[in-house]
Structure formats: C-alpha cells, structure tokens
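Pasted below: query_9.csv, CSV, N, CA and C atoms.
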chain,number,residue,atom,x,y,z
A,1,MET,N,154.1,-12.8,18.9
A,1,MET,CA,152.8,-12.5,18.4
A,1,MET,C,152.5,-11.0,18.8
A,2,PRO,N,152.2,-10.1,17.9
A,2,PRO,CA,151.9,-8.7,18.3
A,2,PRO,C,150.5,-8.7,18.9
A,3,LYS,N,150.2,-7.6,19.6
A,3,LYS,CA,148.9,-7.3,20.2
A,3,LYS,C,147.9,-7.1,19.1
A,4,VAL,N,146.7,-7.5,19.3
A,4,VAL,CA,145.6,-7.3,18.3
A,4,VAL,C,145.0,-5.9,18.6
A,5,LYS,N,144.9,-5.1,17.5
A,5,LYS,CA,144.4,-3.8,17.7
A,5,LYS,C,142.9,-3.8,17.7
A,6,THR,N,142.3,-2.9,18.4
A,6,THR,CA,140.8,-2.7,18.4
A,6,THR,C,140.4,-2.0,17.1
A,7,LYS,N,139.3,-2.5,16.5
A,7,LYS,CA,138.7,-1.8,15.4
A,7,LYS,C,138.1,-0.5,15.9
A,8,ARG,N,138.5,0.6,15.5
A,8,ARG,CA,138.1,1.9,16.0
A,8,ARG,C,136.6,2.1,15.8
A,9,ALA,N,136.1,1.7,14.6
A,9,ALA,CA,134.6,1.8,14.3
A,9,ALA,C,133.8,1.1,15.3
A,10,ALA,N,134.3,-0.1,15.7
A,10,ALA,CA,133.5,-1.0,16.7
A,10,ALA,C,133.6,-0.3,18.1
A,11,ALA,N,134.7,0.3,18.4
A,11,ALA,CA,134.9,0.9,19.7
A,11,ALA,C,133.9,2.1,19.9
A,12,LYS,N,133.6,2.7,18.8
A,12,LYS,CA,132.7,3.9,18.9
A,12,LYS,C,131.2,3.4,19.0
A,13,ARG,N,130.9,2.2,18.5
A,13,ARG,CA,129.6,1.8,18.5
A,13,ARG,C,129.1,0.9,19.6
A,14,PHE,N,130.0,0.2,20.3
A,14,PHE,CA,129.7,-0.8,21.3
A,14,PHE,C,130.4,-0.5,22.6
A,15,LYS,N,129.6,-0.8,23.7
A,15,LYS,CA,130.2,-0.7,25.1
A,15,LYS,C,129.9,-2.0,25.8
A,16,LEU,N,130.9,-2.4,26.6
A,16,LEU,CA,130.7,-3.6,27.3
A,16,LEU,C,130.1,-3.3,28.7
A,17,THR,N,129.1,-4.0,29.1
A,17,THR,CA,128.5,-3.8,30.4
A,17,THR,C,129.1,-4.6,31.5
A,18,ALA,N,128.8,-4.3,32.7
A,18,ALA,CA,129.5,-5.0,33.9
A,18,ALA,C,129.1,-6.5,33.9
A,19,SER,N,127.8,-6.8,33.3
A,19,SER,CA,127.4,-8.2,33.3
A,19,SER,C,127.9,-9.0,32.1
A,20,GLY,N,128.7,-8.3,31.2
A,20,GLY,CA,129.2,-9.0,30.1
A,20,GLY,C,128.5,-8.9,28.8
A,21,LYS,N,127.3,-8.2,28.8
A,21,LYS,CA,126.6,-7.9,27.6
A,21,LYS,C,127.3,-6.8,26.8
A,22,ILE,N,126.9,-6.7,25.6
A,22,ILE,CA,127.4,-5.6,24.7
A,22,ILE,C,126.3,-4.7,24.4
A,23,LYS,N,126.4,-3.4,24.8
A,23,LYS,CA,125.3,-2.5,24.6
A,23,LYS,C,125.6,-1.7,23.3
A,24,MET,N,124.5,-1.4,22.6
A,24,MET,CA,124.6,-0.6,21.3
A,24,MET,C,123.4,0.2,21.1
A,25,LYS,N,123.5,1.2,20.2
A,25,LYS,CA,122.4,2.0,19.8
A,25,LYS,C,121.6,1.3,18.7
A,26,LYS,N,120.2,1.4,18.8
A,26,LYS,CA,119.4,0.8,17.8
A,26,LYS,C,119.4,1.6,16.5
A,27,ALA,N,119.1,0.9,15.4
A,27,ALA,CA,119.2,1.5,14.1
A,27,ALA,C,117.8,2.1,13.7
A,28,ASN,N,117.8,2.7,12.5
A,28,ASN,CA,116.6,3.3,11.9
A,28,ASN,C,116.0,4.5,12.6
A,29,LEU,N,116.9,5.4,13.0
A,29,LEU,CA,116.4,6.6,13.7
A,29,LEU,C,117.2,7.8,13.1
A,30,ARG,N,117.7,7.8,11.9
A,30,ARG,CA,118.5,8.8,11.4
A,30,ARG,C,117.7,9.8,10.4
A,31,HIS,N,116.9,9.2,9.5
A,31,HIS,CA,116.2,10.1,8.6
A,31,HIS,C,114.9,9.4,8.2
A,32,ILE,N,114.1,10.2,7.4
A,32,ILE,CA,112.7,9.7,7.1
A,32,ILE,C,111.9,9.3,8.3
A,33,LEU,N,111.9,10.2,9.2
A,33,LEU,CA,111.2,9.9,10.5
A,33,LEU,C,109.7,10.3,10.5
A,34,THR,N,109.3,11.0,9.5
A,34,THR,CA,107.9,11.5,9.5
A,34,THR,C,106.9,10.3,9.4
A,35,LYS,N,107.3,9.3,8.6
A,35,LYS,CA,106.3,8.2,8.4
A,35,LYS,C,106.4,7.1,9.5
A,36,LYS,N,107.4,7.3,10.4
A,36,LYS,CA,107.5,6.3,11.5
A,36,LYS,C,106.7,6.7,12.7
A,37,THR,N,106.1,5.8,13.4
A,37,THR,CA,105.2,6.2,14.5
A,37,THR,C,106.0,6.6,15.7
A,38,THR,N,105.4,7.4,16.5
A,38,THR,CA,106.0,7.9,17.7
A,38,THR,C,106.4,6.8,18.6
A,39,GLN,N,105.6,5.8,18.8
A,39,GLN,CA,105.9,4.6,19.6
A,39,GLN,C,107.1,3.9,19.1
A,40,TYR,N,107.2,3.8,17.8
A,40,TYR,CA,108.4,3.1,17.2
A,40,TYR,C,109.6,3.9,17.5
A,41,LYS,N,109.6,5.2,17.3
A,41,LYS,CA,110.8,6.0,17.5
A,41,LYS,C,111.2,6.1,19.0
A,42,ARG,N,110.2,6.1,19.9
A,42,ARG,CA,110.5,6.1,21.3
A,42,ARG,C,111.2,4.8,21.7
A,43,SER,N,110.7,3.6,21.2
A,43,SER,CA,111.4,2.4,21.5
A,43,SER,C,112.8,2.3,21.0
A,44,LYS,N,113.1,3.0,20.0
A,44,LYS,CA,114.5,3.0,19.4
A,44,LYS,C,115.4,3.8,20.2
A,45,ARG,N,114.9,4.7,21.1
A,45,ARG,CA,115.8,5.5,22.0
A,45,ARG,C,116.6,4.7,23.0
A,46,LYS,N,116.0,3.6,23.5
A,46,LYS,CA,116.6,2.8,24.5
A,46,LYS,C,117.8,2.0,23.9
A,47,ALA,N,118.7,1.7,24.7
A,47,ALA,CA,119.9,0.9,24.2
A,47,ALA,C,119.4,-0.5,23.9
A,48,GLY,N,120.1,-1.1,22.9
A,48,GLY,CA,119.9,-2.4,22.5
A,48,GLY,C,121.1,-3.3,22.9
A,49,TYR,N,120.9,-4.6,22.8
A,49,TYR,CA,122.0,-5.5,23.2
A,49,TYR,C,122.3,-6.4,22.0
A,50,VAL,N,123.6,-6.7,21.8
A,50,VAL,CA,124.0,-7.6,20.7
A,50,VAL,C,123.5,-9.0,21.0
A,51,ALA,N,123.0,-9.6,19.9
A,51,ALA,CA,122.5,-11.0,20.0
A,51,ALA,C,123.7,-11.9,20.4
A,52,PRO,N,123.4,-13.0,21.1
A,52,PRO,CA,124.4,-14.0,21.5
A,52,PRO,C,125.2,-14.5,20.3
A,53,SER,N,124.5,-14.7,19.1
A,53,SER,CA,125.1,-15.3,17.9
A,53,SER,C,126.1,-14.3,17.3
A,54,ASP,N,126.0,-13.0,17.6
A,54,ASP,CA,126.9,-12.0,17.0
A,54,ASP,C,128.0,-11.6,18.0
A,55,MET,N,127.9,-12.1,19.2
A,55,MET,CA,128.9,-11.7,20.3
A,55,MET,C,130.3,-12.1,19.9
A,56,PRO,N,130.6,-13.3,19.3
A,56,PRO,CA,132.0,-13.6,19.0
A,56,PRO,C,132.7,-12.6,18.0
A,57,ASN,N,131.9,-12.2,17.0
A,57,ASN,CA,132.4,-11.2,16.0
A,57,ASN,C,132.7,-9.8,16.6
A,58,VAL,N,131.8,-9.4,17.5
A,58,VAL,CA,131.9,-8.1,18.1
A,58,VAL,C,133.1,-8.1,19.0
A,59,LEU,N,133.2,-9.1,19.8
A,59,LEU,CA,134.3,-9.2,20.8
A,59,LEU,C,135.6,-9.3,20.1
A,60,LYS,N,135.7,-9.9,18.9
A,60,LYS,CA,136.9,-10.0,18.1
A,60,LYS,C,137.3,-8.6,17.6
A,61,SER,N,136.2,-7.8,17.2
A,61,SER,CA,136.5,-6.4,16.7
A,61,SER,C,136.9,-5.5,17.8
A,62,LEU,N,136.5,-5.8,19.0
A,62,LEU,CA,136.9,-5.0,20.1
A,62,LEU,C,138.2,-5.5,20.7
A,63,ALA,N,138.7,-6.5,20.2
A,63,ALA,CA,140.0,-7.1,20.6
A,63,ALA,C,139.9,-7.6,22.1
A,64,LEU,N,138.8,-8.1,22.5
A,64,LEU,CA,138.6,-8.6,23.8
A,64,LEU,C,138.8,-10.1,23.9
A,65,LYS,N,138.5,-10.9,22.9
A,65,LYS,CA,138.7,-12.3,22.9
A,65,LYS,C,139.1,-12.8,21.5
Give the structure from this file in structure tokens form.
Amino acid sequence: MPKVKTKRAAAKRFKLTASGKIKMKKANLRHILTKKTTQYKRSKRKAGYVAPSDMPNVLKSLALK
C-alpha cells in the first residue's frame, strides 16, 4: 500500500496544535468590508478551530489519520 499524500490546499489552510486541535483562519474577511462592523471584523482576526464533526475529513486531507 503506498503512502497517502497530503492535500496541498489543506496543508496551506490548517495547522495542528500541540493539544490536537486544528487551527484555521476564519472566513468572510476578504472583500465588501465597508458594510461589516468593526467588532465583527476584529473577531474574525483571531484563529478559529475546526468543529469536532469536521475533524475526520480534515485529518484525512492532511494525511494524518
């Protein structure tokens, strides 16, 4: 059985933390920012974490499990 390759798109979007969570950037901060509130945009700057229900798919894309 050959090794499973990492999906390069996933490798650029997700990072694995020491505690086992998957860190990602939050969406909706690319364009049409004038109508979005400052508080909303500020909250989007912080890193987000992948939901537990999505973890198996992301880990498969990263070729970790």
Residues near Lys26 in chain A, cut-off 8 Å, only N, CA and C atoms, skip fewer than 2 positions along chain, as a ChimeraX atom specification: /A:23-24,28-30,43-49
Separation of atom N of Pro56 in chain A from atom C of Gln39 in chain A in Å: 29.1 Å
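The residue that comes closest to Lys15 in chain A, out of A:Leu62, A:Ile32, A:Ala51, A:Ala27 and on the basis of only C-alpha atoms, is A:Leu62.
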Å distance separating atom C of Ile22 in chain A from atom N of Lys35 in chain A, one decimal place: 28.4 Å
Backbone DSSP call of alpha helix (DSSP H) for chain A, listed as number ranges by chain: A: 8-13, 38-45, 55-61
Non-local contacts of Leu64 in chain A (12 Å; only C-alpha atoms; under 2 positions in same chain excluded) as a PyMOL selection string: chain A and resi 3-7+10-11+15-16+20+22+55-62
Could the residues in this selection be written to a file with N, CA and C atoms, as a compact mmCIF listing (two decimals), keeping the file's coordinate frame?
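Printed below is result-v7.txt as written:
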# COMPACT_ATOMS: atom_id res chain seq x y z
N LYS A 3 150.20 -7.60 19.60
CA LYS A 3 148.90 -7.30 20.20
C LYS A 3 147.90 -7.10 19.10
N VAL A 4 146.70 -7.50 19.30
CA VAL A 4 145.60 -7.30 18.30
C VAL A 4 145.00 -5.90 18.60
N LYS A 5 144.90 -5.10 17.50
CA LYS A 5 144.40 -3.80 17.70
C LYS A 5 142.90 -3.80 17.70
N THR A 6 142.30 -2.90 18.40
CA THR A 6 140.80 -2.70 18.40
C THR A 6 140.40 -2.00 17.10
N LYS A 7 139.30 -2.50 16.50
CA LYS A 7 138.70 -1.80 15.40
C LYS A 7 138.10 -0.50 15.90
N ALA A 10 134.30 -0.10 15.70
CA ALA A 10 133.50 -1.00 16.70
C ALA A 10 133.60 -0.30 18.10
N ALA A 11 134.70 0.30 18.40
CA ALA A 11 134.90 0.90 19.70
C ALA A 11 133.90 2.10 19.90
N LYS A 15 129.60 -0.80 23.70
CA LYS A 15 130.20 -0.70 25.10
C LYS A 15 129.90 -2.00 25.80
N LEU A 16 130.90 -2.40 26.60
CA LEU A 16 130.70 -3.60 27.30
C LEU A 16 130.10 -3.30 28.70
N GLY A 20 128.70 -8.30 31.20
CA GLY A 20 129.20 -9.00 30.10
C GLY A 20 128.50 -8.90 28.80
N ILE A 22 126.90 -6.70 25.60
CA ILE A 22 127.40 -5.60 24.70
C ILE A 22 126.30 -4.70 24.40
N MET A 55 127.90 -12.10 19.20
CA MET A 55 128.90 -11.70 20.30
C MET A 55 130.30 -12.10 19.90
N PRO A 56 130.60 -13.30 19.30
CA PRO A 56 132.00 -13.60 19.00
C PRO A 56 132.70 -12.60 18.00
N ASN A 57 131.90 -12.20 17.00
CA ASN A 57 132.40 -11.20 16.00
C ASN A 57 132.70 -9.80 16.60
N VAL A 58 131.80 -9.40 17.50
CA VAL A 58 131.90 -8.10 18.10
C VAL A 58 133.10 -8.10 19.00
N LEU A 59 133.20 -9.10 19.80
CA LEU A 59 134.30 -9.20 20.80
C LEU A 59 135.60 -9.30 20.10
N LYS A 60 135.70 -9.90 18.90
CA LYS A 60 136.90 -10.00 18.10
C LYS A 60 137.30 -8.60 17.60
N SER A 61 136.20 -7.80 17.20
CA SER A 61 136.50 -6.40 16.70
C SER A 61 136.90 -5.50 17.80
N LEU A 62 136.50 -5.80 19.00
CA LEU A 62 136.90 -5.00 20.10
C LEU A 62 138.20 -5.50 20.70
One-decimal distance in Å that lies between CA of Asp54 in chain A and CA of Leu33 in chain A: 27.7 Å
Residue list (strand (DSSP E), DSSP) for chain A, as number ranges by chain: A: 14-16, 22-25, 47-49
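Each of A:Pro2, A:Thr38, A:Lys21, A:Ala63 was compared to Val50 in chain A using all atoms listed in the file, and A:Lys21 turns out to be the nearest.
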